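A.B. asks: Sending over a structure as structure tokens; questions will come in a sec.
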Amino acid sequence: MMDNDLTTVLFLGTVSAGFPSPADDYQENRLDLNELVVPHPHTTYYMRVVGDSMTGACIYSHDIIVVDRAITATHKKIVVARLGDRFTLKRLWLMPPKIYLRPENPKYQPVEVTNHPDFEIFGVVTYCVQRVR
Amino acid sequence: MKSHVYALIDCASFYVSCERAFAAILQKKPTIVLSNNDGCLVAVSPEARKLGLKRGQPFFKCQEIISQQNVQVFSSNYSLYQELSARVMAVVAEFSPLVEVFSIDEAWLDLTSVVTDDLTELGRTIQARVRQYTGIPTRVTIAPSKCLTKIACQLVRDDPQYDDVLDLTAFTAQQMDEALAQVAIENVFGIGRKYARFLRNYGIATARDLRDADERWIRKHLTVVGARIQLELKGVACIPLEIRHPPKRQLIHAKSFGRAVESREELVEAVSTYMARLGEKLREQEGLCGRITVFLHTNGFDPNAEQYANEFTIDLPHPTAFTPTLIKHALIGLEAIYRPGLQFKKVGVVLSKITPLPVVQVDLFGEVSLFENARQGRLMAIIDAINRIYGRETLLFAVQGITRSWKMRQGNLSGRYLSRWEELPTVT
């Protein structure tokens, strides 16, 4: 009931008095970025990047990354992982029996996490939101 | 008849888990979450429990332990908890279409028609998936009745050998006897404190005693409610899942102030604000309210202050959901119990005698005009719609005030990680 009332109000402003548009019958829903970027809304999280360890993968400081926890972290996926008391963004290298987190910047060294007592994958990075300048 | 299978999914110290999900630094550190207004402890991590901190303790009494042991303290971040709870429930619902969301951190699943020969394994899968998708740890307990899943949850809480998953349907009769004997009567789901005391007087001290008590005697003294609990303990499901919540019969809004409030104006703002929020909730469930109660009290923890508490109830001439009418009557109630010169700590409003919308009775003397009623309904619908689209309190009644200096104190609030772009968690 309420929604209908509101729709009526909104449309009052846009009805044109002339000929009906020939395109009216072909109207489709506008593209929604969520459909593309967030296929799993209830397992998707957003995080703000700080630092330059992944610039080789075109992820820069201040970017917002889209993290999906429903995707399994496999070899070479870019992941957010918890290492002890901090979250870190790196590329996962599974080289059985060893596991590494590799930065994509020659300034930094890969970290071996094979037997790290407090290592956990938070989620897999699927997209990066970056303002183009 | 095939017996039922229910699973209880229970998030252990949920608010703490929510804070930890986005703050790596909190892992394994003693952590607590405070109630509205930073009054008492509402969630305590296992590490903090070991230091002697307990749910319900007043915050100011624990300051010493907290600073000595470097306990991490958070104000309640309800927008975060609510969103994570919705996500946990969405993951849980992937396992069965029949879900009862019992509270912010508990849900029951009906697994009766799920085909599996290893329910413990299924429980582990549910637990692992919730953990992976949301970061929230859970306990999963499975049994032929809701009451027994609660019993199993107690056992899991007290005994680490179960590793947070337990399937009671796999228990032998003897194992079941032993398990039920471990659970005190006070902890049986649905048995209140009064009944527990009564039962103890008759030597019924555990869940097992209750299950094995004389059925007619239970029915006589504990009515049909007690009889149902007894049957549930025997493994016969008779409390069905409540999949759709029935409309609430009573709506309450009450909060403690951030500081002591003395002035009538500030109380008027608070009462009007709470009433406007309740009006929204009332219309959301398409109800009308026939009775309003207003109450207030001073700070009982302050030994030096003069103490006062009172309440006032008004029966409305005609049931309504029109916010201006609700506020008008609530303020009459407030006026009746307000005493100048006192330091008030809390004020609250209650709506009761709630009826569904369509039964508006036209009265003999024509005080209720159907036309006027429809006009009021339309106005409220438009205000609600605008506030829904453009954010809460885009439109508000002037009497609600703008500054709100009396509002909740939230000194240690974490980021609203899931609802504000400017408060996202960071990763390096």
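FYI, nothing fancy with the structure tokens labels: chains A, B, ... in order, residues from 1 per chain, ligands from 1 as they appear.
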Residues within 9 Å of region 415-423 of chain B, please, as an mmCIF file with C-alpha atoms, in the first residue's frame. Count only C-alpha atoms; anything in the same chain fewer than 2 positions from it doesn't count.
C.D. replies:
```
data_model
loop_
_atom_site.group_PDB
_atom_site.id
_atom_site.type_symbol
_atom_site.label_atom_id
_atom_site.label_comp_id
_atom_site.auth_asym_id
_atom_site.auth_seq_id
_atom_site.Cartn_x
_atom_site.Cartn_y
_atom_site.Cartn_z
ATOM 1 C CA TYR A 45 33.353 -7.754 3.050
ATOM 2 C CA TYR A 46 35.125 -4.543 2.162
ATOM 3 C CA MET A 47 38.509 -3.419 3.465
ATOM 4 C CA ARG A 48 40.698 -0.356 3.068
ATOM 5 C CA PHE B 22 37.529 -7.468 12.282
ATOM 6 C CA ASN B 77 28.282 -1.732 18.383
ATOM 7 C CA TYR B 78 24.751 -2.898 17.615
ATOM 8 C CA SER B 79 24.779 -2.079 13.904
ATOM 9 C CA LEU B 80 27.783 -4.389 13.486
ATOM 10 C CA GLU B 83 24.511 -7.275 10.401
ATOM 11 C CA LEU B 84 26.838 -10.128 11.363
ATOM 12 C CA LEU B 413 32.943 2.053 20.007
ATOM 13 C CA PRO B 425 38.754 -2.217 8.584
ATOM 14 C CA THR B 426 42.252 -1.749 7.184
#
```
A.B. asks: As a PyMOL selection string, please: every residue in region 1-126 of chain A that a backbone DSSP assignment puts in strand (DSSP E or B).
C.D. replies: chain A and resi 44-49+64-68+78-83+86-95+98-102+111-112+119-126
A.B. asks: DSSP on the backbone: which residues in region 119-291 of chain B end up as alpha helix (DSSP H)? Give the answer as a ChimeraX atom specification.
C.D. replies: /B:119-134,146-158,173-181,193-201,207-212,215-233,264-284
A.B. asks: What is the distance between CA of Ile354 (chain B) and CA of Ile327 (chain B), in Å to one decimal?
C.D. replies: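 Computing it gives 16.3 Å between the two atoms.
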A.B. asks: With a cut-off of 12 Å and counting only C-alpha atoms, select all residues of chain A in contact with chain B and give the selection as JSON, numbers by chain.
C.D. replies: {"A": [1, 2, 3, 4, 5, 6, 7, 9, 40, 41, 42, 43, 44, 45, 46, 47, 48, 49, 50, 51, 52, 53, 54, 55, 59, 60, 61, 62, 63, 64, 65, 66, 67, 68, 69, 70, 71, 72, 73, 79, 80, 81, 82, 83, 84, 85, 86, 87, 88, 89, 90, 103, 118, 119, 120, 121, 122, 123, 124, 125]}
A.B. asks: With distances taken over only C-alpha atoms, which of B:Asp159, B:Glu242, B:Asp315, B:Asp10 is nearest to Cys289 (chain B)?
C.D. replies: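 Using only C-alpha atoms, Cys289 (chain B) sits closest to B:Asp315.
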A.B. asks: Please compute the CA of Asn36 (chain B)-CA of Gly258 (chain B) distance, one decimal, in Å.
C.D. replies: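 Going from CA of Asn36 (chain B) over to CA of Gly258 (chain B) covers 9.3 Å.
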A.B. asks: If you count only C-alpha atoms, which residues fall within 6 Å of region 268-270 of chain B, apart from same-chain ones fewer than 6 positions away, as a ChimeraX atom specification?
C.D. replies: /B:399-401
A.B. asks: Report as a ChimeraX atom specification all protein, DNA and RNA residues lying within 12 Å of Ile402 (chain B), evaluated on only C-alpha atoms, omitting residues in the same chain fewer than 5 positions from it.
C.D. replies: /B:265-266,269-270,272-273,393-397,407
A.B. asks: Write out as a ChimeraX atom specification each polymer residue whose atoms come within 12 Å of region 223-226 of chain B, counting only C-alpha atoms; drop sequence neighbours fewer than 2 positions from it.
C.D. replies: /B:147,188-192,195-196,199,210-211,213-221,228-233,238-239
A.B. asks: Which residues are near Pro97 (chain A)? Cut-off 12 Å, only C-alpha atoms, ignore same chain within fewer than 4 positions. Put them as a list in words.
C.D. replies: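 My list of contacting residues is Trp93, Glu112, Val113, Thr114 and Asn115 of chain A.
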A.B. asks: Please produce a file of those selected residues containing N, CA and C atoms, as a PDB file, in the first residue's frame.
C.D. replies:
```pdb
ATOM      1  N   TRP A  93      50.862 -18.537  -2.030  1.00  0.00           N
ATOM      2  CA  TRP A  93      51.599 -19.539  -2.813  1.00  0.00           C
ATOM      3  C   TRP A  93      51.553 -20.851  -2.060  1.00  0.00           C
ATOM      4  N   GLU A 112      57.161 -17.085   4.868  1.00  0.00           N
ATOM      5  CA  GLU A 112      56.721 -18.473   4.921  1.00  0.00           C
ATOM      6  C   GLU A 112      55.785 -18.626   6.119  1.00  0.00           C
ATOM      7  N   VAL A 113      54.616 -19.241   5.898  1.00  0.00           N
ATOM      8  CA  VAL A 113      53.649 -19.380   6.998  1.00  0.00           C
ATOM      9  C   VAL A 113      53.337 -20.844   7.268  1.00  0.00           C
ATOM     10  N   THR A 114      54.133 -21.753   6.674  1.00  0.00           N
ATOM     11  CA  THR A 114      53.832 -23.191   6.750  1.00  0.00           C
ATOM     12  C   THR A 114      53.466 -23.644   8.157  1.00  0.00           C
ATOM     13  N   ASN A 115      54.341 -23.327   9.116  1.00  0.00           N
ATOM     14  CA  ASN A 115      54.046 -23.796  10.476  1.00  0.00           C
ATOM     15  C   ASN A 115      53.734 -22.641  11.422  1.00  0.00           C
TER      16      ASN A 115
END
```
A.B. asks: Take CA of Phe312 (chain B) and CA of Leu331 (chain B) and report the distance between them in Å, one decimal.
C.D. replies: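 Interatomic distance, CA of Phe312 (chain B) to CA of Leu331 (chain B): 10.5 Å.
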